[in-house]
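S.K.: Please read through the structure below; I'll follow up with questions.
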Amino acid sequence: MGIGCDRKKALWMVGLLLVLFSLVAEAAIPEAPAFFISNLEDQRFWSRKVSEPIVISFFFVDCLVCRKEIPELYRFLKTHHPHVRLLFIDPLGTDTASRIRELARTLNVPSACFYQDGLGTIALKYGVNNIFPTIIGIRQGRIVFRFNTLSEDNRRLMAKHLN
């Protein structure tokens with residue numbers, strides 16, 4: 001009778017440890033800050049009201065790397081992950097809506113994907129400090145990836161978290 005009791009205690013402890021480890025693992029994935037923004041077409045976006053994954057790319061109009069990677073990211077997601085909401089957010093107050101619209105036209109990316117955050121409040125919430133582009137993936141309200149270039153390794157990482 002004593003051995004059975006010890007076994008039950010051990011199984012109970014293992015179960016408790018598994019629950020604790022899963023809670024710690026979930027806590028290690030940072031929660032995505034909520035935000036509300038309108039795109040260049042005046043369509044409102046509220047991050048908490050979206051059930052599908054979100055990819056945010058912070059950029060600015062004169063960023064040469066951004067100009068190269070914006071159409072690549074758009075095509076990659078449109079082709080391989082069409083269910084993902086893609087937001088190109090410009091946090092600089094000096095970039096006007098007309099300059100961002102011109103960039104969208106030049107890069108052949110729909111202007112509905114572009115958002116202007118002239119005060120940079122969303123960039124601040126996400127800890128973006130003048131490193132562009134910064135690409136952040138969000139799934140179920142949690143940040144699942146963050147990087148500063150659209151390398152092949154990062155595309156694989158994106159695919160892993162967006163499928």
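Chain labels follow the order of the structure tokens: the first chain is A, the next B, and so on; residue numbering restarts at 1 in every chain, and ligands are counted from 1 in their shown order.
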Can you list, as a list in words, every protein, DNA or RNA residue that comes within 12 Å of Thr121 in chain A when you count only C-alpha atoms, leaving out same-chain residues fewer than 5 positions away?
M.R.: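 Those residues are Pro33, Ala34, Phe35, Phe36, Ile37, Phe58, Ile89, Asp90, Pro91, Leu92, Gly93, Gln116, Tyr126, Gly127, Val128 and Asn129 of chain A.
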S.K.: Could you pull out the residues in chain A that DSSP calls alpha helix (DSSP H) from the backbone, as a PyMOL selection string?
M.R.: chain A and resi 2-28+64-80+97-107+121-125+152-162
S.K.: Using only C-alpha atoms, what does the table of range 68-90 of chain A residues within 12 Å of range 100-104 of chain A look like, with each row giving the shortest atom pair and its distance in Å to one decimal, sorted by chain and ascending number, as a Markdown table?
M.R.:
```
| residue | atom | partner | partner_atom | distance |
| --- | --- | --- | --- | --- |
| A:Lys68 | CA | A:Leu103 | CA | 11.3 |
| A:Ile70 | CA | A:Ala104 | CA | 9.1 |
| A:Pro71 | CA | A:Ala104 | CA | 9.0 |
| A:Tyr74 | CA | A:Ala104 | CA | 11.0 |
| A:Phe88 | CA | A:Ala104 | CA | 9.9 |
| A:Ile89 | CA | A:Ile100 | CA | 9.9 |
| A:Asp90 | CA | A:Ile100 | CA | 8.2 |
```
S.K.: Return as a count of residues only the full set of residues in range 62-159 of chain A whose backbone-based DSSP assignment is strand (DSSP E or B).
M.R.: 21
S.K.: Counting only C-alpha atoms, figure out which residue out of A:Thr106, A:Ser98, A:Ser51, A:Ser151 gets nearest to Glu69 in chain A.
M.R.: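 Nearest candidate to Glu69 in chain A out of A:Thr106, A:Ser98, A:Ser51, A:Ser151: A:Ser151.
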S.K.: Just give me the gap between CA of Pro53 in chain A and CA of Leu162 in chain A in Å, one decimal is fine.
M.R.: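 Distance between the two atoms: 6.5 Å.
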S.K.: Would you please work out which residue, of A:Arg85, A:Arg139, A:Arg155, A:Arg75, is nearest to Val109 in chain A when using only C-alpha atoms?
M.R.: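 Among the listed residues, the smallest separation from Val109 in chain A belongs to A:Arg75.
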S.K.: Point out the residue among A:Val84, A:Leu40, A:Val65, A:Leu73 with the least atom-to-atom distance to Glu152 in chain A, counting only C-alpha atoms.
M.R.: A:Leu73
S.K.: For Arg146 in chain A, find every residue with an atom within 8 Å (counting only C-alpha atoms), except residues of its own chain fewer than 4 positions away, and show them as a PDB file with N, CA and C atoms, in the first residue's frame.
M.R.:
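Below is the file that was written, around-v1.pdb:
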```
ATOM      1  N   THR A 134      12.228  46.792 -39.053  1.00  0.00           N
ATOM      2  CA  THR A 134      12.017  45.860 -37.947  1.00  0.00           C
ATOM      3  C   THR A 134      10.735  45.123 -38.270  1.00  0.00           C
ATOM      4  N   ILE A 135      10.825  43.803 -38.355  1.00  0.00           N
ATOM      5  CA  ILE A 135       9.686  42.970 -38.733  1.00  0.00           C
ATOM      6  C   ILE A 135       9.292  42.134 -37.519  1.00  0.00           C
ATOM      7  N   ILE A 136       8.026  42.232 -37.137  1.00  0.00           N
ATOM      8  CA  ILE A 136       7.528  41.563 -35.941  1.00  0.00           C
ATOM      9  C   ILE A 136       6.314  40.712 -36.316  1.00  0.00           C
ATOM     10  N   GLY A 137       6.297  39.476 -35.838  1.00  0.00           N
ATOM     11  CA  GLY A 137       5.170  38.583 -36.073  1.00  0.00           C
ATOM     12  C   GLY A 137       4.365  38.386 -34.802  1.00  0.00           C
TER      13      GLY A 137
END
```
S.K.: Set the distance at 9 Å and use only C-alpha atoms: which residues neighbour Glu31 in chain A once local chain neighbours fewer than 5 positions away are removed? I'd like the list as a PyMOL selection string.
M.R.: chain A and resi 138+141-143
S.K.: For the residues in that selection, give me C-alpha atoms as a compact mmCIF listing (two decimals), in the first residue's frame.
M.R.:
```txt
# COMPACT_ATOMS: atom_id res chain seq x y z
CA ILE A 138 2.16 38.26 -33.80
CA GLY A 141 -1.76 38.13 -29.10
CA ARG A 142 1.86 37.07 -28.60
CA ILE A 143 5.06 38.16 -30.35
```
S.K.: Extract, using only C-alpha atoms, all DNA, RNA and protein residues at most 10 Å from Ala159 in chain A, discarding same-chain residues fewer than 2 positions from it, and format them as a PyMOL selection string.
M.R.: chain A and resi 76-77+80-81+153-157+161-163
S.K.: Mind dumping the selected residues with N, CA and C atoms as a PDB file, in the first residue's frame?
M.R.:
```
ATOM      1  N   PHE A  76       6.025  37.563 -50.554  1.00  0.00           N
ATOM      2  CA  PHE A  76       6.209  36.332 -49.787  1.00  0.00           C
ATOM      3  C   PHE A  76       4.934  35.984 -49.005  1.00  0.00           C
ATOM      4  N   LEU A  77       4.386  36.955 -48.303  1.00  0.00           N
ATOM      5  CA  LEU A  77       3.189  36.683 -47.502  1.00  0.00           C
ATOM      6  C   LEU A  77       1.966  36.456 -48.387  1.00  0.00           C
ATOM      7  N   HIS A  80       2.597  32.803 -49.910  1.00  0.00           N
ATOM      8  CA  HIS A  80       2.702  31.651 -49.017  1.00  0.00           C
ATOM      9  C   HIS A  80       1.793  31.723 -47.782  1.00  0.00           C
ATOM     10  N   HIS A  81       1.384  32.900 -47.386  1.00  0.00           N
ATOM     11  CA  HIS A  81       0.574  33.072 -46.166  1.00  0.00           C
ATOM     12  C   HIS A  81      -0.486  34.152 -46.376  1.00  0.00           C
ATOM     13  N   ASP A 153      16.734  32.494 -43.734  1.00  0.00           N
ATOM     14  CA  ASP A 153      16.503  31.912 -42.409  1.00  0.00           C
ATOM     15  C   ASP A 153      15.277  32.544 -41.754  1.00  0.00           C
ATOM     16  N   ASN A 154      15.144  33.854 -41.885  1.00  0.00           N
ATOM     17  CA  ASN A 154      13.997  34.537 -41.283  1.00  0.00           C
ATOM     18  C   ASN A 154      12.691  34.202 -41.995  1.00  0.00           C
ATOM     19  N   ARG A 155      12.756  33.958 -43.291  1.00  0.00           N
ATOM     20  CA  ARG A 155      11.552  33.513 -44.016  1.00  0.00           C
ATOM     21  C   ARG A 155      11.090  32.155 -43.493  1.00  0.00           C
ATOM     22  N   ARG A 156      12.055  31.258 -43.257  1.00  0.00           N
ATOM     23  CA  ARG A 156      11.708  29.945 -42.699  1.00  0.00           C
ATOM     24  C   ARG A 156      11.110  30.099 -41.303  1.00  0.00           C
ATOM     25  N   LEU A 157      11.692  30.985 -40.509  1.00  0.00           N
ATOM     26  CA  LEU A 157      11.172  31.226 -39.168  1.00  0.00           C
ATOM     27  C   LEU A 157       9.747  31.785 -39.244  1.00  0.00           C
ATOM     28  N   HIS A 161       6.060  30.001 -37.829  1.00  0.00           N
ATOM     29  CA  HIS A 161       5.151  30.618 -36.869  1.00  0.00           C
ATOM     30  C   HIS A 161       3.818  31.065 -37.474  1.00  0.00           C
ATOM     31  N   LEU A 162       3.750  31.158 -38.787  1.00  0.00           N
ATOM     32  CA  LEU A 162       2.532  31.649 -39.423  1.00  0.00           C
ATOM     33  C   LEU A 162       1.632  30.546 -39.964  1.00  0.00           C
ATOM     34  N   ASN A 163       2.135  29.333 -40.061  1.00  0.00           N
ATOM     35  CA  ASN A 163       1.330  28.206 -40.560  1.00  0.00           C
ATOM     36  C   ASN A 163       0.360  27.715 -39.519  1.00  0.00           C
TER      37      ASN A 163
END
```
